[in-house]
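This report concerns only the one structure given below.
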Amino acid sequence: FSGAQRYQIANNDICGNFSAEYGGGISHYGLSDLGRIHHNRIYFNQSYDEGGGIMIAGELPSNPGTLSPGAGRVDVYANIIQANLANDDGGGLRFLMSGNFGYNVYNNIIVNNISTHEGGGVSINDAPNVRIYNNTIMKNITTATSMTSNGLPAPAGLSTSRNSNLLQASLPPGSPLFSDPLVFNNIFWDNRAGTWTGGGVAGIGLDGDPNPIYNWDLGVAGMQELLSPVYSLLHVPYAGADATNIVGQDPLVVEQYESTVRVFPWRGNPAFIGALIVALDLPPNLMGNYRLTTASPAINAGIGQVDGVLAPNQDFEYQPRPINGFFDIGADEIRLLFPGTGILFARTIGDAAPATLPNTPAQLFAYYLPLIFRDTGQPVEEWSGDTDSFVLDPVTGVQPQSSGTLIWYKNTFAPSQELYLTFTQVSAEATHQDLLLKVGGLTPDSTVGPDTYLIAVGYDATAGTLTVRTLSPGGVWDTWKTFQGIDLQPGDTFGARAVTGGMVEVYLNGEIADIVDLSAGDLPWLYNTEGGKIGVWFEGPGFEGPNAAGFVNFGGGTLQ
């Protein structure tokens with residue numbers, strides 16, 4: 001009920017529950033503002049009435065002539081909402097009398113859910129300010145068998161409906177008569193709308209059904225009004241969609257599966273009218289995989305914002321988006337293999353001859369930039385910073401002689417960029433053996449100065465930690481995250497990626513060690529959308545003998 005302000009339901013496995021009324025898995029009923037439901041797996045839940053997976057509802061007022069106070073603002077994101085059943089509206093997610101609050105629904109995989117009336121995936125009532133974006137809404141079913149159904153098909157992926165007179169009277173003049181969600185960057189595929197024939201359900205692919213499957217992605221139930229999806233992938237043409245949508249192209253997810261239903265009469269309601277309950281024959285070990293494959297038409301087909309609502313800067317499993325400046329449609333952002341860029345400096349340069357490019361699966365940086373040294377061994381042409389602090393050793397590659405920064409200043413890279421190197425020696429006493437990304441605001445001689453901004457992904461050997469920090473103009477350092485128990489050794493590859501949305505990925509030997517969000521909190525870093533140069537920073541009491549440090553195969557560039 002009401003009063004649970006700022007609640008979170010996160011990182012749970014919610015399975016196999018049954019509600020005698022609303023919300024089989026999660027029920028938010030009443031006014032509880034600023035809730036968050038995220039990173040849960042919600043599956044095999046059932047409600048006797050509405051909201052098989054999640055219910056977000058305003059409480060019924062004691063005076064039926066007054067408007068419900070609604071549910072309060074809620075964000076529902078990065079959940080897998082799958083194989084839930086509602087014996088009325090909203091198999092996966094239901095908004096009911098939720099009120100004119102902002103509801104953000106994004107990065108969810110909403111699949112294989114069933115409603116016996118409207119909205120197998122998502123159903124909306126009296127919630128005029130819902131934003132639905134970057135969701136994968138597939139394989140959901142409506143069966144037209146609830147007591148409130150007339151037996152005719154209803155929208156199976158996303159359904160909305162006419163506003164109540166009480167809510168409509170509270171809205172500005174000229175507002176739509178139905179709850180009209182903002183819809184962009186979503187996949188709608190193979191959502192099936194059934195018809196009750198009196199003896200079974202037609203149009204959803206059940207055995208023995210002579211009728212073709214009837215796909216109905218989204219719509220306004222009981223009205224001729226239209227929704228306005230943009231930058232979405234739709235199974236069938238929709239009159240309210242514009243040219244930004246992809247129509248009829250299979251999203252090519254890794255694996256999907258069919259839901260089957262059985263329909264049987266059950267005399268359980270007070271009026272003794274036969275209510276038809278739907279049961280699922282669920283494949284317990286075949287739950288599908290709704291991530292995108294590399295051939296999916298949803299890749300790079302999305303948009304960064306619509307009407308001031310920003311696409312998320314990560315996908316349902318924390319992967320950064322956009323990777324390369326373009327957003328994927330759906331809950332999944334395809335991940336590039338690491339490393340994806342070319343080596344800028346390799347140990348095998350000989351007399352400044354280009355090294356052979358690595359044969360990586362995602363070769364994005366298409367040319368080699370040679371490193372040129374003076375006769376003294378100092379880097380000159382491609383490097384700036386404290387160049388006197390570094391020398392080229394024929395065995396260990398670039399080797400610090402004293403504390404300082406070394407910046408590859410020949411190129412400025414785009415906001416989504418990558419950097420990596422391989423250690424030949426790791427100093428045991430250095431407090432900074434850091435990668436520098438998005439370096440900007442350098443002095444006229446291309447060194448760090450009072451206007452410099454950068455991201456430092458740093459290794460402190462004395463503490464055994466990796467830290468993600470940012471530098472802002474005026475010498476302002478902020479630490480975003482520190483993680484413990486790190487012991488880098490010679491031969492280890494140390495890498496990082498930073499993308500325009502503010503996500504920073506840290507890699508050790510090609511595997512993700514951690515992900516940090518520089519856009520989080522009340523004060524995001526101001527330079528997430530900026531490009532910049534890349535480099536390194538070594539800081540220690542000395543780099544001699546056992547404390548020597550060195551690296552080879554310094555690489556990086558723009559992710560494309």
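Every chain in the structure tokens takes a letter, A first, then B, and so on in the order presented; its residues are numbered from 1, and the ligands are numbered from 1 following the presented order.
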
For this session: List every residue of segment 123-277 of chain A that DSSP, applied to the backbone of this structure, assigns to alpha helix (DSSP H), and report them as a PyMOL selection string.
Result: chain A and resi 165-170

Counting only C-alpha atoms, which residues of segment 406-506 of chain A fall within 7 Å of segment 512-536 of chain A, and what is the closest atom pair for each with its distance in Å at one decimal, ordered by chain and rising number, as CSV?
```
residue,atom,partner,partner_atom,distance
A:Leu406,CA,A:Val536,CA,5.3
A:Ile407,CA,A:Gly535,CA,4.0
A:Trp408,CA,A:Gly535,CA,5.6
A:Tyr409,CA,A:Lys533,CA,6.2
A:Asn411,CA,A:Lys533,CA,6.5
A:Thr412,CA,A:Lys533,CA,4.8
A:Phe413,CA,A:Gly532,CA,5.3
A:Ala414,CA,A:Gly531,CA,4.4
A:Pro415,CA,A:Gly531,CA,3.9
A:Leu419,CA,A:Ile534,CA,6.9
A:Asp434,CA,A:Val536,CA,5.5
A:Leu435,CA,A:Val536,CA,4.7
A:Leu436,CA,A:Gly535,CA,4.8
A:Leu437,CA,A:Ile534,CA,4.7
A:Lys438,CA,A:Gly532,CA,4.0
A:Val439,CA,A:Gly532,CA,4.7
A:Gly440,CA,A:Gly532,CA,5.2
A:Lys481,CA,A:Val516,CA,7.0
A:Thr500,CA,A:Thr529,CA,4.6
A:Gly501,CA,A:Asn528,CA,6.3
A:Gly502,CA,A:Leu518,CA,4.8
A:Met503,CA,A:Asp517,CA,4.5
A:Val504,CA,A:Val516,CA,5.1
A:Glu505,CA,A:Ile515,CA,4.5
A:Val506,CA,A:Asp514,CA,5.3
```

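The neighbours of segment 303-307 of chain A here are the residues that come within 9 Å of it, using only C-alpha atoms and leaving out any residue fewer than 4 positions away in the same chain; they are A:Leu182, A:Val183, A:Phe184, A:Asn185, A:Val230, A:Tyr231, A:Ala311, A:Pro312, A:Pro322, A:Gly325, A:Phe326, A:Phe327, A:Asp328, A:Ile329.
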
Can those selected residues be exported to a file as an mmCIF file, in the first residue's frame so that it contains N, CA, C and O atoms?
```cif
data_model
loop_
_atom_site.group_PDB
_atom_site.id
_atom_site.type_symbol
_atom_site.label_atom_id
_atom_site.label_comp_id
_atom_site.auth_asym_id
_atom_site.auth_seq_id
_atom_site.Cartn_x
_atom_site.Cartn_y
_atom_site.Cartn_z
ATOM 1 N N LEU A 182 5.043 7.591 -24.592
ATOM 2 C CA LEU A 182 6.158 7.863 -25.500
ATOM 3 C C LEU A 182 6.832 6.529 -25.794
ATOM 4 O O LEU A 182 7.221 5.805 -24.872
ATOM 5 N N VAL A 183 6.972 6.194 -27.072
ATOM 6 C CA VAL A 183 7.460 4.871 -27.459
ATOM 7 C C VAL A 183 8.584 5.040 -28.481
ATOM 8 O O VAL A 183 8.350 5.528 -29.589
ATOM 9 N N PHE A 184 9.813 4.640 -28.107
ATOM 10 C CA PHE A 184 10.916 4.677 -29.063
ATOM 11 C C PHE A 184 11.963 3.626 -28.714
ATOM 12 O O PHE A 184 12.075 3.180 -27.579
ATOM 13 N N ASN A 185 12.712 3.224 -29.721
ATOM 14 C CA ASN A 185 13.829 2.272 -29.569
ATOM 15 C C ASN A 185 13.395 0.901 -29.037
ATOM 16 O O ASN A 185 14.172 0.225 -28.360
ATOM 17 N N VAL A 230 8.361 5.427 -32.636
ATOM 18 C CA VAL A 230 9.415 5.895 -33.522
ATOM 19 C C VAL A 230 10.681 5.091 -33.237
ATOM 20 O O VAL A 230 10.874 4.573 -32.144
ATOM 21 N N TYR A 231 11.522 4.970 -34.256
ATOM 22 C CA TYR A 231 12.811 4.280 -34.137
ATOM 23 C C TYR A 231 12.635 2.918 -33.452
ATOM 24 O O TYR A 231 13.413 2.544 -32.568
ATOM 25 N N ALA A 311 17.815 8.198 -24.294
ATOM 26 C CA ALA A 311 18.025 6.753 -24.296
ATOM 27 C C ALA A 311 19.008 6.388 -23.183
ATOM 28 O O ALA A 311 19.892 7.189 -22.845
ATOM 29 N N PRO A 312 18.883 5.222 -22.582
ATOM 30 C CA PRO A 312 19.777 4.859 -21.476
ATOM 31 C C PRO A 312 21.214 4.733 -21.934
ATOM 32 O O PRO A 312 21.494 4.390 -23.089
ATOM 33 N N PRO A 322 25.682 4.396 -26.206
ATOM 34 C CA PRO A 322 26.025 3.664 -27.422
ATOM 35 C C PRO A 322 27.503 3.313 -27.445
ATOM 36 O O PRO A 322 28.326 4.040 -26.887
ATOM 37 N N GLY A 325 28.482 5.546 -31.002
ATOM 38 C CA GLY A 325 27.745 6.731 -31.390
ATOM 39 C C GLY A 325 26.336 6.463 -31.867
ATOM 40 O O GLY A 325 25.557 7.400 -32.055
ATOM 41 N N PHE A 326 25.967 5.191 -32.072
ATOM 42 C CA PHE A 326 24.634 4.823 -32.528
ATOM 43 C C PHE A 326 24.010 3.853 -31.528
ATOM 44 O O PHE A 326 24.658 2.923 -31.067
ATOM 45 N N PHE A 327 22.738 4.080 -31.227
ATOM 46 C CA PHE A 327 22.028 3.252 -30.262
ATOM 47 C C PHE A 327 21.384 2.058 -30.969
ATOM 48 O O PHE A 327 20.804 2.199 -32.042
ATOM 49 N N ASP A 328 21.475 0.891 -30.336
ATOM 50 C CA ASP A 328 20.743 -0.271 -30.816
ATOM 51 C C ASP A 328 19.307 -0.212 -30.312
ATOM 52 O O ASP A 328 19.021 0.336 -29.239
ATOM 53 N N ILE A 329 18.391 -0.776 -31.082
ATOM 54 C CA ILE A 329 16.998 -0.895 -30.661
ATOM 55 C C ILE A 329 16.864 -2.108 -29.752
ATOM 56 O O ILE A 329 17.471 -3.147 -29.980
#
```

Between atom CA of Gly53 of chain A and atom CA of Gln224 of chain A lies a distance of 28.1 Å

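If you measure from each of A:Gln484, A:Thr462, A:Asn125, A:Thr558 to Glu429 of chain A using only C-alpha atoms, the closest one turns out to be A:Thr462.
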
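Atom CA of Leu337 of chain A is found 28.6 Å from atom CA of Thr244 of chain A.
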
* To do: Show which residues sit within 10 Å of Gly151 of chain A, as a PyMOL selection string. Count only C-alpha atoms, and ignore same-chain residues fewer than 2 positions away.
  => chain A and resi 116-117+143-149+153-154+194-198+201

I need the chosen residues saved as a JSON list (two decimals), in the first residue's frame, with C-alpha atoms.
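The resulting file, part35.json, is reproduced below:
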```
[["chain", "number", "residue", "atom", "x", "y", "z"],
["A", 116, "THR", "CA", -6.41, -13.17, -21.14],
["A", 117, "HIS", "CA", -7.56, -9.69, -22.15],
["A", 143, "THR", "CA", -6.26, -14.85, -25.57],
["A", 144, "ALA", "CA", -9.55, -12.89, -25.38],
["A", 145, "THR", "CA", -10.85, -15.23, -22.67],
["A", 146, "SER", "CA", -11.20, -13.04, -19.57],
["A", 147, "MET", "CA", -14.60, -12.13, -18.12],
["A", 148, "THR", "CA", -14.06, -8.54, -19.31],
["A", 149, "SER", "CA", -13.22, -9.55, -22.89],
["A", 153, "PRO", "CA", -8.45, -9.76, -30.34],
["A", 154, "ALA", "CA", -6.67, -7.15, -28.22],
["A", 194, "GLY", "CA", -6.06, -14.45, -30.06],
["A", 195, "THR", "CA", -9.80, -14.69, -30.67],
["A", 196, "TRP", "CA", -12.12, -16.74, -28.46],
["A", 197, "THR", "CA", -14.16, -19.01, -30.74],
["A", 198, "GLY", "CA", -16.35, -20.54, -28.04],
["A", 201, "VAL", "CA", -8.44, -19.61, -28.99]]
```

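Of the residues under consideration (A:Tyr238, A:Trp189, A:Tyr290, A:Phe316), A:Phe316 shows the shortest atom-to-atom contact distance to Asn79 of chain A when counting only C-alpha atoms.
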
| query | Leaving out Gly475 of chain A and any residue of its chain fewer than 5 positions from it, which residues lie within 12 Å of it when counting only C-alpha atoms, given as an NGL selection string? | reply | :A and (441 or 448-454 or 470)

Review point. Skipping near chain neighbours, those fewer than 4 positions away, what residues fall within 12 Å of Asp250 of chain A using only C-alpha atoms, listed as a ChimeraX atom specification?
Key: /A:138,187-190,233-236,246,254-256,292-293,295-298

When DSSP is applied to the backbone of this structure, which of segment 392-494 of chain A are assigned strand (DSSP E or B)? Write them out as an mmCIF file with N, CA, C and O atoms, in the first residue's frame.
```cif
data_model
loop_
_atom_site.group_PDB
_atom_site.id
_atom_site.type_symbol
_atom_site.label_atom_id
_atom_site.label_comp_id
_atom_site.auth_asym_id
_atom_site.auth_seq_id
_atom_site.Cartn_x
_atom_site.Cartn_y
_atom_site.Cartn_z
ATOM 1 N N LEU A 392 62.681 4.657 -24.613
ATOM 2 C CA LEU A 392 62.377 3.409 -25.294
ATOM 3 C C LEU A 392 63.471 2.413 -24.993
ATOM 4 O O LEU A 392 64.638 2.622 -25.330
ATOM 5 N N ASP A 393 63.116 1.314 -24.353
ATOM 6 C CA ASP A 393 64.041 0.231 -24.104
ATOM 7 C C ASP A 393 63.802 -0.824 -25.179
ATOM 8 O O ASP A 393 62.662 -1.176 -25.462
ATOM 9 N N GLY A 397 60.130 -1.967 -24.153
ATOM 10 C CA GLY A 397 59.259 -0.986 -24.772
ATOM 11 C C GLY A 397 59.388 0.371 -24.110
ATOM 12 O O GLY A 397 60.482 0.813 -23.756
ATOM 13 N N VAL A 398 58.265 1.061 -23.929
ATOM 14 C CA VAL A 398 58.265 2.359 -23.269
ATOM 15 C C VAL A 398 58.489 2.138 -21.783
ATOM 16 O O VAL A 398 57.794 1.345 -21.152
ATOM 17 N N GLN A 399 59.450 2.878 -21.224
ATOM 18 C CA GLN A 399 59.836 2.650 -19.840
ATOM 19 C C GLN A 399 59.941 3.997 -19.120
ATOM 20 O O GLN A 399 60.679 4.881 -19.552
ATOM 21 N N PRO A 400 59.187 4.201 -18.022
ATOM 22 C CA PRO A 400 59.323 5.454 -17.274
ATOM 23 C C PRO A 400 60.643 5.489 -16.511
ATOM 24 O O PRO A 400 61.076 4.480 -15.955
ATOM 25 N N GLY A 404 55.503 11.024 -14.394
ATOM 26 C CA GLY A 404 55.033 11.937 -15.421
ATOM 27 C C GLY A 404 53.953 11.320 -16.284
ATOM 28 O O GLY A 404 53.587 10.146 -16.134
ATOM 29 N N THR A 405 53.423 12.129 -17.185
ATOM 30 C CA THR A 405 52.397 11.698 -18.134
ATOM 31 C C THR A 405 52.992 11.628 -19.527
ATOM 32 O O THR A 405 53.914 12.358 -19.875
ATOM 33 N N LEU A 406 52.427 10.749 -20.327
ATOM 34 C CA LEU A 406 52.828 10.593 -21.718
ATOM 35 C C LEU A 406 51.540 10.496 -22.532
ATOM 36 O O LEU A 406 50.715 9.610 -22.300
ATOM 37 N N ILE A 407 51.347 11.429 -23.459
ATOM 38 C CA ILE A 407 50.083 11.553 -24.172
ATOM 39 C C ILE A 407 50.320 11.393 -25.661
ATOM 40 O O ILE A 407 51.218 12.023 -26.237
ATOM 41 N N TRP A 408 49.506 10.534 -26.272
ATOM 42 C CA TRP A 408 49.553 10.373 -27.726
ATOM 43 C C TRP A 408 48.800 11.552 -28.336
ATOM 44 O O TRP A 408 47.579 11.557 -28.407
ATOM 45 N N TYR A 409 49.538 12.578 -28.755
ATOM 46 C CA TYR A 409 48.868 13.822 -29.128
ATOM 47 C C TYR A 409 48.649 13.952 -30.622
ATOM 48 O O TYR A 409 48.024 14.914 -31.088
ATOM 49 N N LYS A 410 49.118 12.987 -31.407
ATOM 50 C CA LYS A 410 48.961 13.098 -32.853
ATOM 51 C C LYS A 410 47.496 13.026 -33.270
ATOM 52 O O LYS A 410 47.098 13.596 -34.281
ATOM 53 N N ASN A 411 46.671 12.312 -32.493
ATOM 54 C CA ASN A 411 45.268 12.126 -32.853
ATOM 55 C C ASN A 411 44.366 12.498 -31.687
ATOM 56 O O ASN A 411 44.678 12.206 -30.531
ATOM 57 N N THR A 412 43.250 13.114 -32.003
ATOM 58 C CA THR A 412 42.164 13.306 -31.055
ATOM 59 C C THR A 412 41.040 12.368 -31.450
ATOM 60 O O THR A 412 40.590 12.376 -32.600
ATOM 61 N N PHE A 413 40.572 11.559 -30.504
ATOM 62 C CA PHE A 413 39.603 10.525 -30.805
ATOM 63 C C PHE A 413 38.200 10.938 -30.368
ATOM 64 O O PHE A 413 38.018 11.843 -29.560
ATOM 65 N N GLN A 417 35.761 5.784 -27.069
ATOM 66 C CA GLN A 417 37.152 5.450 -27.369
ATOM 67 C C GLN A 417 37.670 4.378 -26.428
ATOM 68 O O GLN A 417 37.076 4.072 -25.398
ATOM 69 N N GLU A 418 38.807 3.834 -26.822
ATOM 70 C CA GLU A 418 39.401 2.683 -26.145
ATOM 71 C C GLU A 418 40.907 2.882 -26.037
ATOM 72 O O GLU A 418 41.526 3.538 -26.882
ATOM 73 N N LEU A 419 41.497 2.289 -24.987
ATOM 74 C CA LEU A 419 42.938 2.368 -24.779
ATOM 75 C C LEU A 419 43.385 1.104 -24.060
ATOM 76 O O LEU A 419 42.707 0.613 -23.163
ATOM 77 N N TYR A 420 44.536 0.591 -24.458
ATOM 78 C CA TYR A 420 45.067 -0.571 -23.764
ATOM 79 C C TYR A 420 46.574 -0.641 -23.969
ATOM 80 O O TYR A 420 47.145 -0.023 -24.871
ATOM 81 N N LEU A 421 47.235 -1.402 -23.108
ATOM 82 C CA LEU A 421 48.663 -1.667 -23.227
ATOM 83 C C LEU A 421 48.957 -3.000 -22.557
ATOM 84 O O LEU A 421 48.138 -3.537 -21.813
ATOM 85 N N THR A 422 50.145 -3.524 -22.828
ATOM 86 C CA THR A 422 50.603 -4.754 -22.181
ATOM 87 C C THR A 422 51.836 -4.441 -21.358
ATOM 88 O O THR A 422 52.817 -3.889 -21.873
ATOM 89 N N PHE A 423 51.794 -4.784 -20.074
ATOM 90 C CA PHE A 423 52.929 -4.532 -19.195
ATOM 91 C C PHE A 423 54.053 -5.522 -19.477
ATOM 92 O O PHE A 423 53.820 -6.733 -19.575
ATOM 93 N N THR A 424 55.270 -4.999 -19.605
ATOM 94 C CA THR A 424 56.446 -5.857 -19.595
ATOM 95 C C THR A 424 57.077 -5.889 -18.213
ATOM 96 O O THR A 424 57.727 -6.874 -17.845
ATOM 97 N N GLN A 425 56.888 -4.821 -17.449
ATOM 98 C CA GLN A 425 57.311 -4.754 -16.053
ATOM 99 C C GLN A 425 56.266 -3.947 -15.297
ATOM 100 O O GLN A 425 55.681 -2.997 -15.840
ATOM 101 N N HIS A 432 50.643 5.199 -9.242
ATOM 102 C CA HIS A 432 49.865 5.379 -10.469
ATOM 103 C C HIS A 432 50.587 4.707 -11.632
ATOM 104 O O HIS A 432 51.710 5.067 -11.964
ATOM 105 N N GLN A 433 49.917 3.712 -12.205
ATOM 106 C CA GLN A 433 50.297 3.148 -13.497
ATOM 107 C C GLN A 433 48.991 3.142 -14.287
ATOM 108 O O GLN A 433 48.298 2.148 -14.366
ATOM 109 N N ASP A 434 48.655 4.333 -14.808
ATOM 110 C CA ASP A 434 47.286 4.667 -15.201
ATOM 111 C C ASP A 434 47.132 4.807 -16.705
ATOM 112 O O ASP A 434 48.053 5.250 -17.409
ATOM 113 N N LEU A 435 45.915 4.484 -17.165
ATOM 114 C CA LEU A 435 45.477 4.795 -18.523
ATOM 115 C C LEU A 435 44.698 6.102 -18.496
ATOM 116 O O LEU A 435 43.874 6.323 -17.607
ATOM 117 N N LEU A 436 44.947 6.964 -19.481
ATOM 118 C CA LEU A 436 44.265 8.249 -19.571
ATOM 119 C C LEU A 436 43.412 8.281 -20.834
ATOM 120 O O LEU A 436 43.914 8.057 -21.936
ATOM 121 N N LEU A 437 42.141 8.572 -20.677
ATOM 122 C CA LEU A 437 41.202 8.660 -21.794
ATOM 123 C C LEU A 437 40.569 10.050 -21.828
ATOM 124 O O LEU A 437 40.498 10.741 -20.819
ATOM 125 N N LYS A 438 40.089 10.430 -23.021
ATOM 126 C CA LYS A 438 39.366 11.693 -23.208
ATOM 127 C C LYS A 438 40.153 12.886 -22.669
ATOM 128 O O LYS A 438 39.600 13.778 -22.019
ATOM 129 N N VAL A 439 41.427 12.908 -22.962
ATOM 130 C CA VAL A 439 42.272 13.993 -22.477
ATOM 131 C C VAL A 439 42.018 15.236 -23.324
ATOM 132 O O VAL A 439 42.160 15.213 -24.551
ATOM 133 N N GLY A 440 41.629 16.319 -22.690
ATOM 134 C CA GLY A 440 41.383 17.573 -23.395
ATOM 135 C C GLY A 440 41.820 18.753 -22.556
ATOM 136 O O GLY A 440 42.193 18.612 -21.384
ATOM 137 N N TYR A 453 41.006 18.252 -18.721
ATOM 138 C CA TYR A 453 40.040 17.280 -18.220
ATOM 139 C C TYR A 453 40.424 15.916 -18.793
ATOM 140 O O TYR A 453 40.956 15.807 -19.906
ATOM 141 N N LEU A 454 40.172 14.854 -18.033
ATOM 142 C CA LEU A 454 40.521 13.502 -18.477
ATOM 143 C C LEU A 454 39.892 12.475 -17.558
ATOM 144 O O LEU A 454 39.410 12.788 -16.459
ATOM 145 N N ILE A 455 39.895 11.224 -18.031
ATOM 146 C CA ILE A 455 39.533 10.058 -17.221
ATOM 147 C C ILE A 455 40.807 9.275 -16.954
ATOM 148 O O ILE A 455 41.556 8.962 -17.889
ATOM 149 N N ALA A 456 41.062 8.965 -15.703
ATOM 150 C CA ALA A 456 42.226 8.164 -15.322
ATOM 151 C C ALA A 456 41.748 6.838 -14.748
ATOM 152 O O ALA A 456 41.025 6.815 -13.741
ATOM 153 N N VAL A 457 42.110 5.735 -15.412
ATOM 154 C CA VAL A 457 41.831 4.395 -14.905
ATOM 155 C C VAL A 457 43.158 3.874 -14.382
ATOM 156 O O VAL A 457 44.056 3.540 -15.163
ATOM 157 N N GLY A 458 43.311 3.858 -13.062
ATOM 158 C CA GLY A 458 44.635 3.729 -12.485
ATOM 159 C C GLY A 458 44.847 2.513 -11.624
ATOM 160 O O GLY A 458 43.945 2.055 -10.921
ATOM 161 N N TYR A 459 46.090 2.013 -11.681
ATOM 162 C CA TYR A 459 46.509 0.895 -10.851
ATOM 163 C C TYR A 459 47.469 1.403 -9.796
ATOM 164 O O TYR A 459 48.505 2.002 -10.109
ATOM 165 N N ASP A 460 47.133 1.167 -8.519
ATOM 166 C CA ASP A 460 47.997 1.497 -7.394
ATOM 167 C C ASP A 460 48.577 0.186 -6.875
ATOM 168 O O ASP A 460 47.894 -0.594 -6.205
ATOM 169 N N THR A 465 44.868 -1.820 -5.817
ATOM 170 C CA THR A 465 43.556 -1.319 -6.209
ATOM 171 C C THR A 465 43.569 -0.788 -7.632
ATOM 172 O O THR A 465 44.604 -0.369 -8.153
ATOM 173 N N LEU A 466 42.394 -0.819 -8.249
ATOM 174 C CA LEU A 466 42.131 -0.098 -9.486
ATOM 175 C C LEU A 466 41.091 0.976 -9.175
ATOM 176 O O LEU A 466 40.104 0.715 -8.494
ATOM 177 N N THR A 467 41.335 2.184 -9.682
ATOM 178 C CA THR A 467 40.465 3.310 -9.386
ATOM 179 C C THR A 467 40.093 4.017 -10.677
ATOM 180 O O THR A 467 40.938 4.210 -11.560
ATOM 181 N N VAL A 468 38.825 4.397 -10.787
ATOM 182 C CA VAL A 468 38.368 5.224 -11.901
ATOM 183 C C VAL A 468 38.141 6.628 -11.353
ATOM 184 O O VAL A 468 37.316 6.830 -10.453
ATOM 185 N N ARG A 469 38.917 7.596 -11.881
ATOM 186 C CA ARG A 469 38.824 8.984 -11.436
ATOM 187 C C ARG A 469 38.660 9.890 -12.643
ATOM 188 O O ARG A 469 38.964 9.513 -13.777
ATOM 189 N N THR A 470 38.192 11.096 -12.391
ATOM 190 C CA THR A 470 38.135 12.119 -13.432
ATOM 191 C C THR A 470 38.827 13.373 -12.938
ATOM 192 O O THR A 470 38.803 13.707 -11.744
ATOM 193 N N LEU A 471 39.443 14.064 -13.889
ATOM 194 C CA LEU A 471 40.025 15.382 -13.646
ATOM 195 C C LEU A 471 39.204 16.403 -14.412
ATOM 196 O O LEU A 471 38.918 16.220 -15.600
ATOM 197 N N SER A 472 38.804 17.468 -13.739
ATOM 198 C CA SER A 472 38.085 18.571 -14.365
ATOM 199 C C SER A 472 38.934 19.829 -14.279
ATOM 200 O O SER A 472 39.862 19.914 -13.452
ATOM 201 N N VAL A 476 40.440 19.705 -10.360
ATOM 202 C CA VAL A 476 39.464 19.038 -9.501
ATOM 203 C C VAL A 476 39.418 17.551 -9.841
ATOM 204 O O VAL A 476 39.005 17.154 -10.942
ATOM 205 N N TRP A 477 39.828 16.713 -8.898
ATOM 206 C CA TRP A 477 39.789 15.266 -9.064
ATOM 207 C C TRP A 477 38.573 14.697 -8.340
ATOM 208 O O TRP A 477 38.250 15.099 -7.223
ATOM 209 N N ASP A 478 37.886 13.747 -8.985
ATOM 210 C CA ASP A 478 36.787 13.020 -8.365
ATOM 211 C C ASP A 478 37.020 11.533 -8.546
ATOM 212 O O ASP A 478 37.332 11.075 -9.655
ATOM 213 N N THR A 479 36.869 10.786 -7.464
ATOM 214 C CA THR A 479 36.985 9.332 -7.503
ATOM 215 C C THR A 479 35.591 8.727 -7.622
ATOM 216 O O THR A 479 34.720 8.978 -6.789
ATOM 217 N N TRP A 480 35.385 7.917 -8.672
ATOM 218 C CA TRP A 480 34.074 7.338 -8.930
ATOM 219 C C TRP A 480 33.950 5.937 -8.369
ATOM 220 O O TRP A 480 32.890 5.532 -7.920
ATOM 221 N N LYS A 481 35.040 5.186 -8.412
ATOM 222 C CA LYS A 481 34.984 3.834 -7.859
ATOM 223 C C LYS A 481 36.386 3.298 -7.662
ATOM 224 O O LYS A 481 37.278 3.553 -8.463
ATOM 225 N N THR A 482 36.566 2.564 -6.577
ATOM 226 C CA THR A 482 37.813 1.865 -6.298
ATOM 227 C C THR A 482 37.495 0.407 -6.020
ATOM 228 O O THR A 482 36.595 0.112 -5.236
ATOM 229 N N PHE A 483 38.194 -0.506 -6.685
ATOM 230 C CA PHE A 483 37.971 -1.909 -6.376
ATOM 231 C C PHE A 483 39.291 -2.575 -6.023
ATOM 232 O O PHE A 483 40.358 -2.220 -6.523
ATOM 233 N N THR A 493 47.480 -7.533 -19.912
ATOM 234 C CA THR A 493 46.963 -6.442 -20.732
ATOM 235 C C THR A 493 45.952 -5.657 -19.905
ATOM 236 O O THR A 493 45.025 -6.230 -19.330
ATOM 237 N N PHE A 494 46.167 -4.360 -19.860
ATOM 238 C CA PHE A 494 45.355 -3.444 -19.072
ATOM 239 C C PHE A 494 44.640 -2.516 -20.049
ATOM 240 O O PHE A 494 45.295 -1.860 -20.867
#
```

Practice prompt. Name the residues in contact with Asn134 of chain A at a cut-off of 6 Å, using only C-alpha atoms, excluding same-chain residues fewer than 2 positions from it; report them as a PyMOL selection string.
Written response: chain A and resi 106-107+185-186+329-331

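For the pair atom CA of Ile56 of chain A and atom CA of Ile141 of chain A, the separation is 20.3 Å.
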
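Using only C-alpha atoms, the nearest neighbour of Asn191 of chain A within the list A:Ala430, A:Ala156, A:Leu559, A:Leu206 is A:Ala156.
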